[in-house]
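Colleague: Encoded as structure tokens, here's the structure I'll be asking about.
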Amino acid sequence: MGSNTLSPVTISDRPVSTSAPNRSVPMLDAHARVVGRVGYTEEFSVPGMLHARILRSPYAHARINAIDASRAEALDGVSVVLTRDDLVDAGLGMRYGPYLRDRSVVATEKTRFVGDPVAAVAAINEEVAGEAIELIDVGYEELKPVFDPVVALDPDAPLVHEGPRDIVPDRHDLVARSKEGTNIVNLFTQRRGDIEDGFAEADVIVEDVYTSPPVEHVPLESHNCIVDVRNDRITIWSSTQSPFLVQQQIAHIFGLPSSDVRVIVFTLGGGYGNKLNAQLEPIAALLSWKARQAVRLAVKREESFLVNVQHGITVRIRTGAKSDGRLTAHEATCYYNCGAYANESPNLITRGYAATGPYRVPNLKTDSYGVYTNLVPAGAFRGFGITQVAWPHERQMDLLADALDMDPLELRSKNVLGEGEPFTTGEPFPESHYPELLDEVARRVGWADGPLVVADGHRIRAKSVVSIVKGGSAMPSTAMVKLNGDGSGSLNLVVGSVEMGQGVQTALAQIAAEEAGLPIESVRVSEPDTMLTPYDHFTAASRTTFVMGNAVQRGVQEVKRQLIDFTSELLEVASEDLVVTNGQVEVVGDPGQSLSFGEVVRKARRGNIIGHGFFGPTTHLDLETGQGKGSTQWHPAAVSCEVEVDVETGKYEVIQLHAAVYVGRMINPRFCELQVEGSILFGLGQALFEELDFDGDGRPTNLNLSDYMIPSFLDMPRQMSVFVLETPDAKEVHGIGETAVPPIRPAIGNAVSRAIGIPIRDLPITPERVLLALEERRQRERSPVIAGEGRSSR
């Protein structure tokens with residue numbers, strides 16, 4: 001492999017502001033990170049704490065007939081053993097979950113996947129706890145499992161969950177669609193126009209089936225927590241992205257008010273959606289409750305693969321177009337594999353709204369199923385459901401271009417949505433920017449410099465270009481801003497947003513510093529503590545800089561209003577004659593008559609001035625049609641790619657990969673660059689080799705980083721660049737933490753497919769799959785019947 005060169009980020013020509021935003025300031029904790037002084041939950045300890053291990057089910061689907069923990073309880077050094085009997089005896093909340101309460105702390109009647117917690121032990125150390133779980137005797141009765149989401153929808157398929165659904169309040173979609181006696185977690189439907197008329201109008205129709213497997217997040221820091229239950233008060237230290245959701249779910253289990261559950265979060269060693277909701281905390285909490293001591297529970301690397309994964313998916317898709325390339329109809333049926341428990345699936349599967357891509361389609365029909373199976377539970381993952389549907393819709397666009405004998409870039413440019421045009425949800429697309437993004441990535445890959453496919457013996461090079469759209473989360477955030485009376489005035493941001501390496505504390509400090517007119521050195525940002533910090537739904541879904549950033553800005557504005565009111569009294573000047581600027585409150589036209597922030601606080605005898613800011617955008621989609629408002633923002637992206645395939649071995653190399661995203665108003669250009677580069681790396685691994693493998697009994701077979709492959713620097717493209725588009729008049733910040741993940745898979749897949757002349761439909765694109773596709777092409781060329789069969793029609 002050739003040497004890797006990373007091109008620097010390219011941003012707009014807008015001059016960099018001298019205020020805090022739009023400056024690549026270092027992370028506030030940069031020095032602490034470099035010298036190893038950042039505190040992680042994994043390094044934290046509580047005096048006298050116990051250590052826990054989990055006994056997991058060896059079967060994908062089994063009834064528990066008996067469980068005997070007496071040998072484990074008798075082992076020297078064991079404090080307590082937790083089994084289903086404790087749940088019944090204690091009368092605690094049996095089930096929990098963010099939307100569907102479908103999960104018990106440990107299995108009660110049956111287990112639903114290989115790895116389902118059956119019991120847990122708390123002991124003086126991990127070694128004793130590990131020995132003890134081997135002494136727990138469980139009598140299982142194996143049941144027929146189901147692993148495929150399409151098969152699981154069959155009326156005769158085994159039920160993963162029997163009985164009525166326990167649905168959290170105000171989820172009317174789940175009441176209507178998550179039906180007892182089925183494996184349906186949720187169903188999202190979208191209808192617009194007349195789908196049959198749209199296909200009747202088409203000159204070309206392309207249809208196919210695409211799949212992508214479950215993949216793992218692999219954060220550097222695995223799941224871990226410490227829980228201390230004392231006197232009906234619960235304190236949790238956890239590596240979670242959602243402290244307030246953990247607080248709510250633990251409170252539900254114990255029947256306590258949320259105010260009696262305190263969740264503290266330090267910096268995370270990566271998250272990527274892997275650490276949302278209560279995961280290990282319920283088990284640790286019940287162990288601590290039973291032992292009356294603090295309990296630490298940290299999973300080993302192989303166990304982290306059993307906590308949650310990205311949804312695997314099967315997508316059946318049909319697309320119609322006129323001979324000039326105009327799309328007329330698009331139909332997609334998406335089967336998201338939710339695994340054994342719902343987690344975030346009820347929300348995630350609604351991302352079927354993007355199965356059409358960012359294109360103008362007058363007639364569409366989408367059915368997006370979330371389906372229970374007996375595999376590892378699926379949850380949030382960087383890209384949140386968009387990645388799975390971007391793969392098929394962008395493969396379809398290339399197949400359609402081939403059927404029309406049209407340039408793939410031209411086809412996309414002809415159909416991408418423009419500003420104000422309706423998206424699949426019916427809402428006007430607020431901003432487009434696809435022409436700029438597509439043109440930029442096409443220029444960088446040399447799209448117009450020659451043919452898209454060039455052969456040199458058994459090595460073939462090919463290029464691709466793709467475009468996608470991603471939505472953002474509408475969950476609310478609240479910030480508290482405290483202006484202190486020291487010196488000229490320092491600022492504390494009290495927020496519940498989680499720092500996990502993305503630089504959110506620095507970005508929020510930059511926003512506050514600009515709004516207050518203070519240097520960023522004067523701003524300090526808290527870590528989440530549900531007893532002290534106001535509500536923030538979670539740190540995920542490309543929402544924090546936008547949603548919490550708006551809350552912070554509004555909190556600072558409230559502080560500024562109070563500063564003006566106090567200064568008006570102190571200087572006996574009308575409020576409208578005062579202005580806040582550069583850490584001062586000045587009289588308009590008379591800068592000499594002014595007070596610093598600190599002076600205002602001290603002279604007003606306030607101690608500090610506190611402002612609160614709230615930002616909570618909302619979305620709503622019609623249950624039947626999927627029309628309404630689907631996202632707080634729409635994030636466009638385009639990617640171009642060039643690969644070189646060795647048709648003798650099936651091996652290929654990604655030569656070039658260029659990503660372009662629209663960022664709106666930029667806070668920290670360097671952070672933007674790093675986020676997009678990280679997204680590229682994520683997508684690269686998923687395209688090349690990432691896949692959680694299962695045997696025929698549902699047992700994962702590659703639960704380590706020797707067998708489960710993730711990309712290294714040696715897998716990076718020879719040339720890679722990031723283009724971050726910022727427009728001069730942009731007022732909103734656009735989240736970009738995951739926008740560049742979804743287009744990477746189809747960009748690589750389209751380039752490989754074009755190189756070998758046969759469609760790739762299943763991920764990952766391993767050399768073995770390339771060789772199988774080449775063999776399929778040779779068989780088609782040898783057989784007139786097969787050669788005449790296509791998946792497109794005129």
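Following the order of the structure tokens, chains are lettered A, B, ..., residues in each are numbered from 1, and ligands are numbered from 1.
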Leaving out Leu483 in chain A and any residue of its chain fewer than 4 positions from it, which residues lie within 9 Å of it when counting only C-alpha atoms, given as a PyMOL selection string?
Modeller: chain A and resi 489-493+556+559+597-598+601+607-611
Colleague: Write the selection just made, keeping all heavy atoms, as a short mmCIF file (atom, residue, chain, number, x, y, z; two decimals), in the first residue's frame?
Modeller:
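Heads up, here's the output in part09.cif:
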```cif
data_model
loop_
_atom_site.label_atom_id
_atom_site.label_comp_id
_atom_site.auth_asym_id
_atom_site.auth_seq_id
_atom_site.Cartn_x
_atom_site.Cartn_y
_atom_site.Cartn_z
N GLY A 489 -14.97 39.10 35.95
CA GLY A 489 -16.11 38.20 35.81
C GLY A 489 -15.76 36.95 35.05
O GLY A 489 -15.40 37.00 33.88
N SER A 490 -15.82 35.80 35.74
CA SER A 490 -15.64 34.52 35.06
C SER A 490 -16.99 33.83 34.95
O SER A 490 -17.94 34.17 35.65
CB SER A 490 -14.64 33.64 35.83
OG SER A 490 -15.14 33.35 37.13
N LEU A 491 -17.05 32.82 34.08
CA LEU A 491 -18.33 32.22 33.72
C LEU A 491 -18.26 30.71 33.93
O LEU A 491 -17.31 30.05 33.49
CB LEU A 491 -18.63 32.53 32.25
CG LEU A 491 -20.09 32.57 31.80
CD1 LEU A 491 -20.84 33.69 32.51
CD2 LEU A 491 -20.14 32.79 30.29
N ASN A 492 -19.28 30.16 34.59
CA ASN A 492 -19.44 28.71 34.70
C ASN A 492 -20.63 28.27 33.86
O ASN A 492 -21.72 28.82 34.01
CB ASN A 492 -19.69 28.29 36.15
CG ASN A 492 -18.45 28.39 37.01
OD1 ASN A 492 -18.33 29.31 37.81
ND2 ASN A 492 -17.54 27.45 36.86
N LEU A 493 -20.41 27.30 33.00
CA LEU A 493 -21.52 26.65 32.30
C LEU A 493 -21.84 25.37 33.05
O LEU A 493 -20.98 24.49 33.20
CB LEU A 493 -21.15 26.31 30.86
CG LEU A 493 -20.72 27.43 29.93
CD1 LEU A 493 -20.56 26.90 28.50
CD2 LEU A 493 -21.75 28.55 29.95
N VAL A 556 -26.76 32.76 28.52
CA VAL A 556 -25.87 33.93 28.59
C VAL A 556 -26.67 35.20 28.31
O VAL A 556 -26.45 36.25 28.95
CB VAL A 556 -24.70 33.77 27.60
CG1 VAL A 556 -23.85 35.05 27.58
CG2 VAL A 556 -23.84 32.57 27.97
N VAL A 559 -28.28 36.27 31.41
CA VAL A 559 -27.31 36.92 32.29
C VAL A 559 -27.07 38.36 31.84
O VAL A 559 -27.01 39.29 32.66
CB VAL A 559 -25.99 36.13 32.31
CG1 VAL A 559 -24.87 36.94 32.97
CG2 VAL A 559 -26.17 34.80 33.03
N PHE A 597 -18.08 43.20 34.22
CA PHE A 597 -19.05 42.22 34.72
C PHE A 597 -18.84 41.97 36.21
O PHE A 597 -19.79 41.93 36.99
CB PHE A 597 -18.91 40.90 33.96
CG PHE A 597 -19.40 40.94 32.53
CD1 PHE A 597 -19.25 39.82 31.72
CD2 PHE A 597 -20.00 42.07 31.99
CE1 PHE A 597 -19.70 39.83 30.41
CE2 PHE A 597 -20.44 42.09 30.68
CZ PHE A 597 -20.28 40.97 29.88
N GLY A 598 -17.58 41.78 36.58
CA GLY A 598 -17.28 41.50 37.99
C GLY A 598 -17.70 42.64 38.90
O GLY A 598 -18.22 42.41 40.00
N VAL A 601 -21.50 42.55 39.46
CA VAL A 601 -21.88 41.51 40.42
C VAL A 601 -21.56 41.95 41.85
O VAL A 601 -22.39 41.79 42.76
CB VAL A 601 -21.18 40.18 40.08
CG1 VAL A 601 -21.47 39.13 41.15
CG2 VAL A 601 -21.60 39.66 38.72
N GLY A 607 -23.30 38.25 44.61
CA GLY A 607 -22.51 37.02 44.73
C GLY A 607 -22.24 36.40 43.36
O GLY A 607 -21.09 36.17 42.98
N ASN A 608 -23.29 36.14 42.63
CA ASN A 608 -23.20 35.74 41.23
C ASN A 608 -24.52 36.05 40.54
O ASN A 608 -25.52 36.34 41.21
CB ASN A 608 -22.81 34.26 41.06
CG ASN A 608 -23.74 33.32 41.81
OD1 ASN A 608 -24.96 33.46 41.76
ND2 ASN A 608 -23.16 32.36 42.52
N ILE A 609 -24.50 36.01 39.25
CA ILE A 609 -25.72 36.19 38.45
C ILE A 609 -25.95 34.90 37.67
O ILE A 609 -25.04 34.41 36.99
CB ILE A 609 -25.60 37.39 37.49
CG1 ILE A 609 -25.46 38.69 38.29
CG2 ILE A 609 -26.80 37.46 36.56
CD1 ILE A 609 -25.23 39.92 37.42
N ILE A 610 -27.15 34.38 37.77
CA ILE A 610 -27.47 33.09 37.14
C ILE A 610 -28.52 33.28 36.06
O ILE A 610 -29.55 33.95 36.28
CB ILE A 610 -27.95 32.07 38.19
CG1 ILE A 610 -26.81 31.76 39.17
CG2 ILE A 610 -28.46 30.80 37.53
CD1 ILE A 610 -27.21 30.84 40.30
N GLY A 611 -28.25 32.68 34.92
CA GLY A 611 -29.21 32.69 33.82
C GLY A 611 -29.50 31.25 33.39
O GLY A 611 -28.64 30.38 33.49
#
```
Colleague: If you run DSSP over the backbone, which residues in range 489-638 of chain A end up strand (DSSP E)? Put them as number ranges by chain.
Modeller: A: 491-494, 523-525, 578-581, 584-587, 590-596, 608-615, 620-621, 628-629, 634-638
Colleague: From the options A:Pro164, A:Tyr662, A:Pro519, A:Ala60, which residue's atoms come nearest to Pro145 in chain A, counting only C-alpha atoms?
Modeller: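 Of the candidates, the smallest distance to Pro145 in chain A is held by A:Ala60.
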Colleague: Do a neighbour search on Cys334 in chain A at 9 Å with only C-alpha atoms, toss out local chain neighbours closer than 5 positions, and write the hits as a list of chain:residue names.
Modeller: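 Counting only the stated atoms, we get A:Ile313, A:Thr314, A:Val315, A:Arg316, A:Ile317, A:Ile349, A:Gly352, A:Ala355, A:Thr366, A:Asp367, A:Ser368, A:Tyr369, A:Gly370, A:Val389.
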Colleague: Those same residues, written as an mmCIF file, in the first residue's frame with all heavy atoms?
Modeller:
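Dumped everything to result_10.cif:
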```
data_model
loop_
_atom_site.group_PDB
_atom_site.id
_atom_site.type_symbol
_atom_site.label_atom_id
_atom_site.label_comp_id
_atom_site.auth_asym_id
_atom_site.auth_seq_id
_atom_site.Cartn_x
_atom_site.Cartn_y
_atom_site.Cartn_z
ATOM 1 N N ILE A 313 -29.623 -5.004 8.634
ATOM 2 C CA ILE A 313 -30.824 -4.626 7.884
ATOM 3 C C ILE A 313 -30.907 -5.389 6.566
ATOM 4 O O ILE A 313 -29.879 -5.767 5.980
ATOM 5 C CB ILE A 313 -30.854 -3.103 7.604
ATOM 6 C CG1 ILE A 313 -32.258 -2.629 7.225
ATOM 7 C CG2 ILE A 313 -29.857 -2.722 6.513
ATOM 8 C CD1 ILE A 313 -32.400 -1.110 7.182
ATOM 9 N N THR A 314 -32.128 -5.636 6.142
ATOM 10 C CA THR A 314 -32.422 -6.092 4.783
ATOM 11 C C THR A 314 -33.365 -5.068 4.172
ATOM 12 O O THR A 314 -34.364 -4.692 4.807
ATOM 13 C CB THR A 314 -33.089 -7.481 4.797
ATOM 14 O OG1 THR A 314 -32.193 -8.430 5.371
ATOM 15 C CG2 THR A 314 -33.448 -7.921 3.378
ATOM 16 N N VAL A 315 -33.057 -4.606 2.973
ATOM 17 C CA VAL A 315 -33.875 -3.583 2.308
ATOM 18 C C VAL A 315 -34.247 -4.069 0.910
ATOM 19 O O VAL A 315 -33.377 -4.371 0.099
ATOM 20 C CB VAL A 315 -33.143 -2.231 2.214
ATOM 21 C CG1 VAL A 315 -34.051 -1.190 1.554
ATOM 22 C CG2 VAL A 315 -32.700 -1.748 3.582
ATOM 23 N N ARG A 316 -35.546 -4.138 0.659
ATOM 24 C CA ARG A 316 -36.056 -4.398 -0.693
ATOM 25 C C ARG A 316 -36.437 -3.054 -1.281
ATOM 26 O O ARG A 316 -37.212 -2.300 -0.685
ATOM 27 C CB ARG A 316 -37.272 -5.325 -0.655
ATOM 28 C CG ARG A 316 -37.009 -6.659 0.028
ATOM 29 C CD ARG A 316 -38.249 -7.546 0.008
ATOM 30 N NE ARG A 316 -38.044 -8.744 0.803
ATOM 31 C CZ ARG A 316 -37.457 -9.845 0.344
ATOM 32 N NH1 ARG A 316 -37.032 -9.878 -0.920
ATOM 33 N NH2 ARG A 316 -37.305 -10.891 1.126
ATOM 34 N N ILE A 317 -35.921 -2.761 -2.451
ATOM 35 C CA ILE A 317 -36.057 -1.399 -2.972
ATOM 36 C C ILE A 317 -36.344 -1.433 -4.471
ATOM 37 O O ILE A 317 -35.814 -2.281 -5.203
ATOM 38 C CB ILE A 317 -34.760 -0.595 -2.651
ATOM 39 C CG1 ILE A 317 -34.960 0.894 -2.804
ATOM 40 C CG2 ILE A 317 -33.582 -1.072 -3.443
ATOM 41 C CD1 ILE A 317 -33.843 1.718 -2.153
ATOM 42 N N ILE A 349 -35.972 3.288 13.648
ATOM 43 C CA ILE A 349 -36.498 2.736 12.393
ATOM 44 C C ILE A 349 -37.294 3.766 11.584
ATOM 45 O O ILE A 349 -37.535 3.568 10.397
ATOM 46 C CB ILE A 349 -37.338 1.478 12.646
ATOM 47 C CG1 ILE A 349 -38.572 1.778 13.501
ATOM 48 C CG2 ILE A 349 -36.490 0.408 13.300
ATOM 49 C CD1 ILE A 349 -39.847 1.865 12.724
ATOM 50 N N GLY A 352 -36.264 5.276 8.111
ATOM 51 C CA GLY A 352 -36.679 4.830 6.786
ATOM 52 C C GLY A 352 -37.134 5.973 5.907
ATOM 53 O O GLY A 352 -37.205 5.823 4.678
ATOM 54 N N ALA A 355 -34.821 6.482 3.064
ATOM 55 C CA ALA A 355 -34.544 5.386 2.126
ATOM 56 C C ALA A 355 -34.612 5.839 0.683
ATOM 57 O O ALA A 355 -34.155 5.142 -0.224
ATOM 58 C CB ALA A 355 -35.518 4.235 2.365
ATOM 59 N N THR A 366 -42.873 3.761 1.616
ATOM 60 C CA THR A 366 -41.851 3.167 2.482
ATOM 61 C C THR A 366 -42.522 2.474 3.657
ATOM 62 O O THR A 366 -43.398 3.052 4.309
ATOM 63 C CB THR A 366 -40.877 4.236 3.009
ATOM 64 O OG1 THR A 366 -40.200 4.852 1.913
ATOM 65 C CG2 THR A 366 -39.849 3.614 3.936
ATOM 66 N N ASP A 367 -42.122 1.243 3.899
ATOM 67 C CA ASP A 367 -42.493 0.515 5.113
ATOM 68 C C ASP A 367 -41.196 0.153 5.821
ATOM 69 O O ASP A 367 -40.365 -0.566 5.270
ATOM 70 C CB ASP A 367 -43.274 -0.754 4.791
ATOM 71 C CG ASP A 367 -44.661 -0.461 4.244
ATOM 72 O OD1 ASP A 367 -45.301 0.488 4.733
ATOM 73 O OD2 ASP A 367 -45.098 -1.169 3.321
ATOM 74 N N SER A 368 -41.034 0.660 7.033
ATOM 75 C CA SER A 368 -39.798 0.436 7.785
ATOM 76 C C SER A 368 -40.140 -0.301 9.079
ATOM 77 O O SER A 368 -40.797 0.249 9.970
ATOM 78 C CB SER A 368 -39.120 1.778 8.089
ATOM 79 O OG SER A 368 -37.901 1.598 8.747
ATOM 80 N N TYR A 369 -39.720 -1.554 9.158
ATOM 81 C CA TYR A 369 -40.020 -2.411 10.292
ATOM 82 C C TYR A 369 -38.834 -2.476 11.262
ATOM 83 O O TYR A 369 -37.691 -2.624 10.839
ATOM 84 C CB TYR A 369 -40.312 -3.840 9.835
ATOM 85 C CG TYR A 369 -41.595 -4.030 9.063
ATOM 86 C CD1 TYR A 369 -41.618 -3.898 7.671
ATOM 87 C CD2 TYR A 369 -42.780 -4.373 9.708
ATOM 88 C CE1 TYR A 369 -42.786 -4.089 6.955
ATOM 89 C CE2 TYR A 369 -43.951 -4.573 8.999
ATOM 90 C CZ TYR A 369 -43.953 -4.426 7.625
ATOM 91 O OH TYR A 369 -45.115 -4.623 6.917
ATOM 92 N N GLY A 370 -39.132 -2.408 12.540
ATOM 93 C CA GLY A 370 -38.191 -2.821 13.566
ATOM 94 C C GLY A 370 -38.652 -4.165 14.078
ATOM 95 O O GLY A 370 -39.812 -4.316 14.489
ATOM 96 N N VAL A 389 -29.824 2.688 5.351
ATOM 97 C CA VAL A 389 -30.630 2.919 4.147
ATOM 98 C C VAL A 389 -29.870 3.692 3.076
ATOM 99 O O VAL A 389 -30.264 3.679 1.903
ATOM 100 C CB VAL A 389 -31.962 3.626 4.482
ATOM 101 C CG1 VAL A 389 -32.832 2.724 5.341
ATOM 102 C CG2 VAL A 389 -31.744 4.975 5.148
#
```
Colleague: Measuring atom to atom with only C-alpha atoms, identify which of A:Val114, A:Ala551, A:Val265, A:Ile756 is nearest to Ser526 in chain A.
Modeller: A:Val265
Colleague: Using only C-alpha atoms, which of A:Glu216, A:Glu421, A:Glu527, A:Asp260 sits nearest Arg301 in chain A?
Modeller: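 Of the candidates, the smallest distance to Arg301 in chain A is held by A:Glu216.
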